[in-house]
Protein chains: 2
Amino acid sequence: MGPFTDNPALSISSLGEKALLAQIRLWLGEAAPPSPAGMGDDCAVFAMEPAKASLITTDSVVLNRHFLESDPPALVGRKLLHRNLSDIAAMGGIPLRAVIAGFLPRTVSLAWLEACIRSLAAEALQHRVDIIGGDLTETTHDLALNMTLLGSATSPLLRSGARPGDHIGVTGPLGGSRLGRHLRFAARLEEGKQLSALPGIHACMDISDGLAVDLPGMLSPDCSAALDLAAIPLHPDALQASHLSGQPPLWHALHDGEDHELLFMFTPDTAQDQLPPHHCIGRILDHPGGLLLDSKTGAPISDQHGYEHFR
Amino acid sequence: MGPFTDNPALSISSLGEKALLAQIRLWLGEAAPPSPAGMGDDCAVFAMEPAKASLITTDSVVLNRHFLESDPPALVGRKLLHRNLSDIAAMGGIPLRAVIAGFLPRTVSLAWLEACIRSLAAEALQHRVDIIGGDLTETTHDLALNMTLLGSATSPLLRSGARPGDHIGVTGPLGGSRLGRHLRFAARLEEGKQLSALPGIHACMDISDGLAVDLPGMLSPDCSAALDLAAIPLHPDALQASHLSGQPPLWHALHDGEDHELLFMFTPDTAQDQLPPHHCIGRILDHPGGLLLDSKTGAPISDQHGYEHFR
């Protein structure tokens with residue numbers, strides 16, 4: 001089932017905006033509280049938890065960028081939620097409530113949209129995220145969905161803060177997400193919460209653009225990272241991707257992105273049994289430049305870019 | 001200056017995502033606080049005011065829907081902010097912070113985007129709105145900007161709550177916004193705050209789809225609204241639109257939309273000098289049906305639709 005239909009009776013143009021909004025609220029079901037706590041007024045009204053840090057993030061899925069016409073719509077809705085959940089996870093936070101903005105050509109199929117929204121709603125309910133507002137706009141060509149997600153954290157984990165001597169951990173294997181995992185990954189919410197409760201965690205982010213891009217982005221200019229390349233966990237998908245591309249599996253682990261594993265830096269005296277399951281892949285050096293170095297040879301690791309829009 | 005350029009050196013493709021994000025942060029200037037209170041980490045971190053109702057709204061501007069290639073980019077950025085501010089105004093709230101999601105073809109002109117963002121930033125600063133996060137995605141064809149705006153209110157004004165006997169007020173003249181006012185309107189924030197502080201205001205919304213669509217949406221099924229058609233304030237633009245369309249000016253006042261004046265219901269014993277400047281255009285009747293009636297004849301007012309997407 002593709003996102004578009006030539007039959008106007010099966011497309012969103014058969015409903016118009018108001019009827020479509022009503023339909024979407026039905027599909028969202030229990031994930032969408034009634035107005036004024038949810039959709040239906042000029043704003044949604046909610047009570048923010050006091051005495052905690054509040055978190056906000058916004059992320060989108062766009063056809064032919066983040067998913068294909070042939071991808072199951074249920075996985076598209078799931079991915080929109082988990083892309084945002086992963087940002088909350090990277091801060092060690094708890095997701096709470098979200099709004100959705102849809103950019104839809106008039107030929108979008110009602111069945112496709114229903115499957116997408118119902119799946120998103122089921123995942124949202126499971127993670128106790130209320131969908132409290134939204135907006136729909138007609139586009140000429142592009143199909144995009146955006147979510148802004150609010151959350152809270154007792155002690156947010158930042159990307160910055162890694163210090164020389166810190167060890168570098170990653171919560172799971174990397175590479176080859178494009179073979180399908182980019183639609184099915186589960187945000188590392190429990191791992192993020194566990195990390196944020198520990199005293200010795202100095203920095204954390206989720207890997208979205210690839211380890212080779214995201215790790216340098218966490219380093220201050222006065223330090224560098226030494227990677228133990230043999231310790232980087234390779235996902236079986238990285239091996240399969242290697243067969244298809246001719247690049248080594250490690251290349252895919254470094255550059256593919258959309259892994260959404262947590263990458264974090266911690267003091268070496270952190271008790272291993274307090275940390276979530278992880279692989280230790282290197283350490284932070286007192287070496288200026290914000291470089292990525294091979295811990296075996298000391299040579300810089302190729303700075304070929306991971307995924308970047310507009311290039 | 002149009003939004004697109006054939007010259008790659010003048011387009012966003014000359015920068016790539018990371019450099020473009022850095023550029024946008026520069027253009028936002030003081031409107032964008034440094035990380036972790038603003039852009040630069042997985043989420044933005046903020047402290048929500050306790051003991052108040054929190055508000056959230058999301059609205060977009062899309063090329064050829066909400067603006068044209070020939071419209072000044074500064075007004076496009078302004079409109080994105082004020083569309084969202086107007087939703088906060090309609091709740092009687094105070095705007096606080098926002099995130100922006102951009103959906104941009106690679107041919108978007110840097111100069112156009114800079115003018116758009118700088119204008120948005122200037123307006124945001126003036127209204128003390130922090131731009132604390134964002135996301136950029138490449139599209140094939142459509143150019144869209146979305147904002148999610150957070151605010152707070154002591155006692156939020158809802159759309160529902162109008163009672164028989166209430167008077168109907170509107171904060172300014174209506175009609176013909178398409179002639180240019182839709183890009184230049186100022187959200188009625190002061191008026192909304194003033195209304196929310198009064199005890200006798202039962203309902204409020206901002207007119208976005210046209211009085212004839214928005215007013216029925218505020219009525220419960222057990223009451224109707226009698227409109228004094230002669231009292232509806234006609235904007236000079238409604239007269240000019242009438243010359244162009246051949247429709248009466250009143251038709252434009254009822255159906256054009258994008259007026260963003262506040263429409264509110266209040267008990268007749270409300271002291272007039274406590275209310276913001278307004279026109280009293282009718283009252284709520286104890287008459288089932290949620291209808292719009294002509295107060296002079298009692299006849300239903302044509303339910304021709306205002307603007308609806310996807311139709």
# chains A, B, ... in the order shown; residues from 1 in each chain; ligands from 1
>>> residues_around(residues="His127 (chain A)", least_positions_apart="5", cutoff="9 Å", atoms="only C-alpha atoms", output="VMD selection string")
chain A and resid 95 to 96 122
>>> calpha_fit_and_write(fixed="chain A", moving="chain B", output="short mmCIF file (atom, residue, chain, number, x, y, z; two decimals) with C-alpha atoms, in the first residue's frame")
data_model
loop_
_atom_site.label_atom_id
_atom_site.label_comp_id
_atom_site.auth_asym_id
_atom_site.auth_seq_id
_atom_site.Cartn_x
_atom_site.Cartn_y
_atom_site.Cartn_z
CA MET B 1 0.00 0.01 0.00
CA GLY B 2 1.63 3.26 -1.15
CA PRO B 3 0.99 6.74 0.26
CA PHE B 4 -0.80 8.06 -2.84
CA THR B 5 -3.96 7.15 -4.72
CA ASP B 6 -5.38 8.27 -8.07
CA ASN B 7 -8.88 7.65 -6.77
CA PRO B 8 -10.18 10.86 -5.14
CA ALA B 9 -12.74 8.86 -3.15
CA LEU B 10 -9.90 7.04 -1.37
CA SER B 11 -7.75 10.12 -0.81
CA ILE B 12 -7.79 12.82 1.87
CA SER B 13 -9.34 15.21 -0.67
CA SER B 14 -12.60 13.28 -0.22
CA LEU B 15 -12.84 14.64 3.33
CA GLY B 16 -11.49 18.18 3.49
CA GLU B 17 -9.54 19.51 6.44
CA LYS B 18 -12.15 19.46 9.20
CA ALA B 19 -13.44 15.95 8.52
CA LEU B 20 -9.87 14.72 8.13
CA LEU B 21 -8.93 16.21 11.50
CA ALA B 22 -11.92 14.48 13.09
CA GLN B 23 -10.84 11.22 11.45
CA ILE B 24 -7.27 11.60 12.73
CA ARG B 25 -8.56 12.16 16.27
CA LEU B 26 -10.49 8.90 15.96
CA TRP B 27 -7.38 7.06 14.72
CA LEU B 28 -5.31 8.51 17.58
CA GLY B 29 -7.92 7.17 20.02
CA GLU B 30 -6.79 7.10 23.63
CA ALA B 31 -3.44 8.68 22.69
CA ALA B 32 -5.31 11.98 22.12
CA PRO B 33 -6.91 13.49 25.26
CA PRO B 34 -10.08 15.61 24.80
CA SER B 35 -9.94 19.43 24.48
CA PRO B 36 -8.70 21.62 26.14
CA ALA B 37 -6.01 19.10 27.22
CA GLY B 38 -5.77 18.03 23.57
CA MET B 39 -6.77 19.04 20.04
CA GLY B 40 -9.82 21.21 19.41
CA ASP B 41 -8.98 24.66 20.74
CA ASP B 42 -6.52 27.36 19.65
CA CYS B 43 -3.88 25.81 21.92
CA ALA B 44 -3.71 22.69 24.04
CA VAL B 45 -3.62 23.39 27.78
CA PHE B 46 -1.44 21.31 30.08
CA ALA B 47 0.24 21.45 33.48
CA MET B 48 4.00 21.13 33.27
CA GLU B 49 5.69 19.22 36.09
CA PRO B 50 7.41 21.73 38.38
CA ALA B 51 10.95 21.38 39.83
CA LYS B 52 12.28 19.41 36.90
CA ALA B 53 14.07 20.42 33.74
CA SER B 54 11.70 20.50 30.78
CA LEU B 55 12.85 19.16 27.41
CA ILE B 56 11.71 19.93 23.86
CA THR B 57 12.76 18.46 20.53
CA THR B 58 11.41 18.51 16.98
CA ASP B 59 12.04 16.01 14.17
CA SER B 60 10.41 15.07 10.89
CA VAL B 61 9.98 12.23 8.44
CA VAL B 62 9.88 13.18 4.75
CA LEU B 63 9.09 10.87 1.83
CA ASN B 64 12.22 9.87 -0.12
CA ARG B 65 14.44 11.17 2.69
CA HIS B 66 13.38 9.15 5.72
CA PHE B 67 11.09 6.61 4.13
CA LEU B 68 10.07 5.29 0.71
CA GLU B 69 6.67 4.84 -0.94
CA SER B 70 7.14 1.08 -0.54
CA ASP B 71 7.76 1.24 3.23
CA PRO B 72 4.87 0.06 5.44
CA PRO B 73 2.98 3.15 6.72
CA ALA B 74 2.87 1.67 10.23
CA LEU B 75 6.67 1.86 10.33
CA VAL B 76 6.63 5.46 9.09
CA GLY B 77 4.43 6.55 12.02
CA ARG B 78 6.58 4.52 14.36
CA LYS B 79 9.75 6.16 13.06
CA LEU B 80 8.36 9.69 13.50
CA LEU B 81 7.73 8.97 17.18
CA HIS B 82 10.98 7.10 17.84
CA ARG B 83 13.17 9.72 16.14
CA ASN B 84 11.82 12.19 18.69
CA LEU B 85 11.84 9.70 21.60
CA SER B 86 15.51 9.05 20.84
CA ASP B 87 16.35 12.74 21.44
CA ILE B 88 14.60 12.58 24.82
CA ALA B 89 16.44 9.29 25.58
CA ALA B 90 19.78 10.97 24.79
CA MET B 91 19.07 13.56 27.50
CA GLY B 92 18.06 10.87 30.01
CA GLY B 93 14.53 12.23 29.98
CA ILE B 94 10.96 10.99 30.08
CA PRO B 95 8.69 11.78 27.10
CA LEU B 96 5.36 13.36 28.00
CA ARG B 97 3.38 15.00 25.20
CA ALA B 98 3.62 15.88 21.54
CA VAL B 99 2.08 17.86 18.70
CA ILE B 100 2.15 16.75 15.05
CA ALA B 101 2.24 18.85 11.87
CA GLY B 102 1.31 17.14 8.61
CA PHE B 103 2.26 18.39 5.13
CA LEU B 104 0.14 16.36 2.76
CA PRO B 105 -0.52 16.38 -0.99
CA ARG B 106 -4.25 15.96 -1.69
CA THR B 107 -3.62 12.55 -3.26
CA VAL B 108 -2.52 11.01 0.06
CA SER B 109 -4.40 7.76 0.60
CA LEU B 110 -6.71 7.63 3.63
CA ALA B 111 -5.77 3.99 4.21
CA TRP B 112 -2.06 4.82 4.22
CA LEU B 113 -2.54 7.75 6.60
CA GLU B 114 -4.75 5.69 8.90
CA ALA B 115 -2.14 2.92 9.20
CA CYS B 116 0.55 5.51 9.86
CA ILE B 117 -1.42 7.37 12.54
CA ARG B 118 -2.81 4.26 14.25
CA SER B 119 0.69 2.84 14.60
CA LEU B 120 2.03 6.13 15.92
CA ALA B 121 -0.85 6.23 18.43
CA ALA B 122 -0.20 2.67 19.63
CA GLU B 123 3.48 3.42 20.18
CA ALA B 124 2.65 6.74 21.86
CA LEU B 125 0.25 5.00 24.25
CA GLN B 126 2.87 2.41 25.08
CA HIS B 127 5.33 5.17 25.96
CA ARG B 128 2.68 7.25 27.74
CA VAL B 129 3.02 10.13 25.30
CA ASP B 130 -0.15 12.20 24.82
CA ILE B 131 -0.72 13.62 21.34
CA ILE B 132 -2.19 16.97 22.35
CA GLY B 133 -2.26 19.05 19.19
CA GLY B 134 -1.54 19.30 15.52
CA ASP B 135 -1.87 21.09 12.24
CA LEU B 136 -2.53 19.98 8.66
CA THR B 137 -1.43 21.78 5.51
CA GLU B 138 -1.81 20.86 1.89
CA THR B 139 1.36 20.64 -0.20
CA THR B 140 1.80 20.30 -3.96
CA HIS B 141 4.22 17.41 -4.01
CA ASP B 142 6.13 16.57 -0.81
CA LEU B 143 4.75 14.37 1.97
CA ALA B 144 6.15 15.19 5.41
CA LEU B 145 5.20 14.70 9.04
CA ASN B 146 6.75 16.66 11.88
CA MET B 147 6.55 16.05 15.61
CA THR B 148 7.49 18.34 18.47
CA LEU B 149 7.92 16.30 21.65
CA LEU B 150 8.04 17.61 25.22
CA GLY B 151 9.57 15.74 28.11
CA SER B 152 11.22 16.22 31.46
CA ALA B 153 14.44 15.14 33.12
CA THR B 154 15.78 15.31 36.66
CA SER B 155 19.36 15.86 35.50
CA PRO B 156 19.60 16.18 31.70
CA LEU B 157 22.60 14.57 29.98
CA LEU B 158 24.28 17.03 27.60
CA ARG B 159 26.36 16.33 24.49
CA SER B 160 29.22 18.43 25.84
CA GLY B 161 31.19 17.61 28.99
CA ALA B 162 33.50 14.76 27.97
CA ARG B 163 36.87 15.02 29.77
CA PRO B 164 40.30 13.50 29.06
CA GLY B 165 40.45 10.05 30.61
CA ASP B 166 36.72 9.35 30.07
CA HIS B 167 35.79 6.07 28.47
CA ILE B 168 33.46 6.04 25.45
CA GLY B 169 30.49 3.70 25.50
CA VAL B 170 27.85 2.78 22.94
CA THR B 171 24.64 0.91 23.80
CA GLY B 172 24.52 -1.39 20.75
CA PRO B 173 25.89 -2.47 17.38
CA LEU B 174 26.22 -0.01 14.50
CA GLY B 175 25.97 0.12 10.72
CA GLY B 176 23.66 -0.87 7.88
CA SER B 177 20.50 0.73 9.30
CA ARG B 178 19.43 1.60 5.75
CA LEU B 179 18.59 -2.06 5.17
CA GLY B 180 15.46 -1.51 7.27
CA ARG B 181 16.52 -0.97 10.87
CA HIS B 182 16.10 2.81 10.43
CA LEU B 183 12.34 2.17 10.44
CA ARG B 184 12.29 -0.25 13.37
CA PHE B 185 14.78 0.98 15.97
CA ALA B 186 13.56 1.47 19.52
CA ALA B 187 14.67 4.67 21.27
CA ARG B 188 16.99 3.83 24.19
CA LEU B 189 14.78 5.45 26.81
CA GLU B 190 15.53 3.05 29.68
CA GLU B 191 19.26 3.22 29.04
CA GLY B 192 19.16 7.02 28.94
CA LYS B 193 17.27 7.19 32.24
CA GLN B 194 19.74 4.76 33.83
CA LEU B 195 22.71 6.83 32.61
CA SER B 196 21.26 10.13 33.81
CA ALA B 197 20.88 8.74 37.33
CA LEU B 198 24.63 7.99 37.58
CA PRO B 199 27.15 10.59 38.82
CA GLY B 200 30.04 9.80 36.45
CA ILE B 201 28.34 10.22 33.05
CA HIS B 202 29.78 13.35 31.47
CA ALA B 203 28.13 13.42 28.04
CA CYS B 204 25.56 11.57 25.94
CA MET B 205 23.87 11.76 22.53
CA ASP B 206 22.06 9.43 20.18
CA ILE B 207 23.85 8.42 16.97
CA SER B 208 21.79 9.76 14.08
CA ASP B 209 24.34 10.96 11.49
CA GLY B 210 26.92 8.21 12.07
CA LEU B 211 29.60 7.68 14.74
CA ALA B 212 32.26 9.43 12.60
CA VAL B 213 30.14 12.61 12.47
CA ASP B 214 28.41 12.53 15.86
CA LEU B 215 31.41 11.69 18.07
CA PRO B 216 33.56 14.66 16.91
CA GLY B 217 30.54 16.87 17.55
CA MET B 218 30.73 15.92 21.24
CA LEU B 219 34.39 16.89 21.67
CA SER B 220 35.64 20.27 22.88
CA PRO B 221 38.56 21.64 20.82
CA ASP B 222 41.07 20.82 23.59
CA CYS B 223 40.54 17.07 23.49
CA SER B 224 40.28 14.22 20.99
CA ALA B 225 38.90 10.68 20.97
CA ALA B 226 40.93 7.50 20.54
CA LEU B 227 38.73 4.76 19.05
CA ASP B 228 39.53 1.08 19.47
CA LEU B 229 38.30 0.16 15.99
CA ALA B 230 38.26 -3.53 16.77
CA ALA B 231 35.91 -2.87 19.70
CA ILE B 232 33.26 -1.05 17.69
CA PRO B 233 30.29 -3.45 17.63
CA LEU B 234 29.26 -4.27 14.05
CA HIS B 235 25.59 -4.91 13.42
CA PRO B 236 24.86 -7.91 11.15
CA ASP B 237 23.29 -5.32 8.82
CA ALA B 238 26.73 -3.67 8.50
CA LEU B 239 28.08 -6.96 7.16
CA GLN B 240 25.23 -7.28 4.68
CA ALA B 241 25.61 -3.63 3.64
CA SER B 242 29.30 -4.32 3.10
CA HIS B 243 28.47 -7.15 0.67
CA LEU B 244 26.30 -4.75 -1.30
CA SER B 245 28.59 -1.71 -1.24
CA GLY B 246 32.07 -3.19 -1.32
CA GLN B 247 32.97 -0.93 1.64
CA PRO B 248 34.26 -2.63 4.83
CA PRO B 249 31.63 -3.28 7.54
CA LEU B 250 33.48 -0.84 9.82
CA TRP B 251 32.95 1.91 7.25
CA HIS B 252 29.20 1.34 7.53
CA ALA B 253 29.39 1.35 11.34
CA LEU B 254 31.20 4.71 11.23
CA HIS B 255 29.25 6.47 8.50
CA ASP B 256 25.75 5.08 7.92
CA GLY B 257 23.90 6.82 10.76
CA GLU B 258 20.28 6.30 11.90
CA ASP B 259 21.56 3.80 14.49
CA HIS B 260 19.97 5.70 17.40
CA GLU B 261 22.18 3.92 19.91
CA LEU B 262 23.36 6.11 22.78
CA LEU B 263 26.97 7.28 22.66
CA PHE B 264 28.24 8.37 26.09
CA MET B 265 31.38 9.28 28.03
CA PHE B 266 31.97 8.16 31.60
CA THR B 267 34.72 8.19 34.24
CA PRO B 268 36.67 4.92 34.25
CA ASP B 269 35.80 4.36 37.93
CA THR B 270 32.09 4.01 37.08
CA ALA B 271 30.89 0.59 38.32
CA GLN B 272 30.27 -1.49 35.21
CA ASP B 273 27.21 -3.18 36.71
CA GLN B 274 25.54 0.19 37.19
CA LEU B 275 25.85 1.03 33.50
CA PRO B 276 23.33 -0.28 30.97
CA PRO B 277 24.63 -2.99 28.61
CA HIS B 278 27.19 -1.32 26.36
CA HIS B 279 30.44 -1.68 24.42
CA CYS B 280 33.46 0.38 25.46
CA ILE B 281 34.90 1.64 22.16
CA GLY B 282 37.62 4.09 23.20
CA ARG B 283 38.57 6.97 25.42
CA ILE B 284 38.97 10.74 25.49
CA LEU B 285 42.54 12.06 25.12
CA ASP B 286 44.14 15.25 26.42
CA HIS B 287 45.05 16.06 22.82
CA PRO B 288 43.83 19.26 21.14
CA GLY B 289 41.95 19.28 17.85
CA GLY B 290 38.66 17.49 18.52
CA LEU B 291 39.98 14.65 16.35
CA LEU B 292 39.02 11.02 15.93
CA LEU B 293 42.16 8.88 16.22
CA ASP B 294 42.84 5.18 15.77
CA SER B 295 43.97 4.07 19.25
CA LYS B 296 46.28 1.46 17.76
CA THR B 297 48.18 3.66 15.29
CA GLY B 298 47.41 7.17 16.54
CA ALA B 299 46.42 8.10 12.96
CA PRO B 300 43.36 10.26 12.33
CA ILE B 301 40.29 8.35 11.19
CA SER B 302 39.02 9.46 7.78
CA ASP B 303 36.55 12.29 8.24
CA GLN B 304 34.30 11.22 5.42
CA HIS B 305 30.93 12.60 6.22
CA GLY B 306 27.90 10.73 7.41
CA TYR B 307 24.51 11.81 6.12
CA GLU B 308 23.98 15.54 5.62
CA HIS B 309 20.93 17.19 4.06
CA PHE B 310 21.23 19.65 1.14
CA ARG B 311 24.66 18.23 0.00
#
>>> select_by_dssp(residues="region 43-285 of chain A", states="strand (DSSP E)", output="ChimeraX atom specification")
/A:44-46,53-62,94-105,130-139,144-153,167-170,201-206,224-227,262-266,279-285
>>> select_by_dssp(residues="region 23-159 of chain B", states="helix (DSSP H, G or I)", output="MDAnalysis selection string")
chainID B and resid 23:31 73:90 110:126
>>> write_last_selection(atoms="C-alpha atoms", output="PDB file, in the first residue's frame")
ATOM      1  CA  GLN B  23      24.143  30.371   9.734  1.00  0.00           C
ATOM      2  CA  ILE B  24      20.535  30.288  10.952  1.00  0.00           C
ATOM      3  CA  ARG B  25      21.704  30.574  14.560  1.00  0.00           C
ATOM      4  CA  LEU B  26      23.655  33.678  13.558  1.00  0.00           C
ATOM      5  CA  TRP B  27      20.598  35.166  11.824  1.00  0.00           C
ATOM      6  CA  LEU B  28      18.434  34.413  14.873  1.00  0.00           C
ATOM      7  CA  GLY B  29      20.962  36.300  17.014  1.00  0.00           C
ATOM      8  CA  GLU B  30      19.718  37.213  20.469  1.00  0.00           C
ATOM      9  CA  ALA B  31      16.399  35.442  19.826  1.00  0.00           C
ATOM     10  CA  PRO B  73      10.508  37.043   2.798  1.00  0.00           C
ATOM     11  CA  ALA B  74      10.508  39.302   5.869  1.00  0.00           C
ATOM     12  CA  LEU B  75       6.714  39.126   5.885  1.00  0.00           C
ATOM     13  CA  VAL B  76       6.780  35.334   5.530  1.00  0.00           C
ATOM     14  CA  GLY B  77       8.877  34.974   8.702  1.00  0.00           C
ATOM     15  CA  ARG B  78       6.661  37.494  10.433  1.00  0.00           C
ATOM     16  CA  LYS B  79       3.529  35.576   9.449  1.00  0.00           C
ATOM     17  CA  LEU B  80       4.892  32.259  10.749  1.00  0.00           C
ATOM     18  CA  LEU B  81       5.405  33.819  14.176  1.00  0.00           C
ATOM     19  CA  HIS B  82       2.148  35.785  14.278  1.00  0.00           C
ATOM     20  CA  ARG B  83       0.004  32.823  13.177  1.00  0.00           C
ATOM     21  CA  ASN B  84       1.263  31.028  16.276  1.00  0.00           C
ATOM     22  CA  LEU B  85       1.155  34.129  18.512  1.00  0.00           C
ATOM     23  CA  SER B  86      -2.483  34.567  17.507  1.00  0.00           C
ATOM     24  CA  ASP B  87      -3.356  31.124  18.932  1.00  0.00           C
ATOM     25  CA  ILE B  88      -1.717  32.077  22.227  1.00  0.00           C
ATOM     26  CA  ALA B  89      -3.571  35.444  22.138  1.00  0.00           C
ATOM     27  CA  ALA B  90      -6.884  33.614  21.654  1.00  0.00           C
ATOM     28  CA  LEU B 110      20.276  32.003   1.160  1.00  0.00           C
ATOM     29  CA  ALA B 111      19.335  35.679   0.844  1.00  0.00           C
ATOM     30  CA  TRP B 112      15.619  34.858   0.923  1.00  0.00           C
ATOM     31  CA  LEU B 113      16.020  32.571   3.942  1.00  0.00           C
ATOM     32  CA  GLU B 114      18.162  35.117   5.763  1.00  0.00           C
ATOM     33  CA  ALA B 115      15.552  37.875   5.320  1.00  0.00           C
ATOM     34  CA  CYS B 116      12.830  35.496   6.482  1.00  0.00           C
ATOM     35  CA  ILE B 117      14.704  34.326   9.584  1.00  0.00           C
ATOM     36  CA  ARG B 118      16.049  37.758  10.562  1.00  0.00           C
ATOM     37  CA  SER B 119      12.545  39.207  10.456  1.00  0.00           C
ATOM     38  CA  LEU B 120      11.159  36.314  12.467  1.00  0.00           C
ATOM     39  CA  ALA B 121      13.948  36.818  15.022  1.00  0.00           C
ATOM     40  CA  ALA B 122      13.277  40.557  15.337  1.00  0.00           C
ATOM     41  CA  GLU B 123       9.579  39.937  15.927  1.00  0.00           C
ATOM     42  CA  ALA B 124      10.341  37.107  18.363  1.00  0.00           C
ATOM     43  CA  LEU B 125      12.671  39.370  20.359  1.00  0.00           C
ATOM     44  CA  GLN B 126      10.030  42.078  20.471  1.00  0.00           C
TER      45      GLN B 126
END
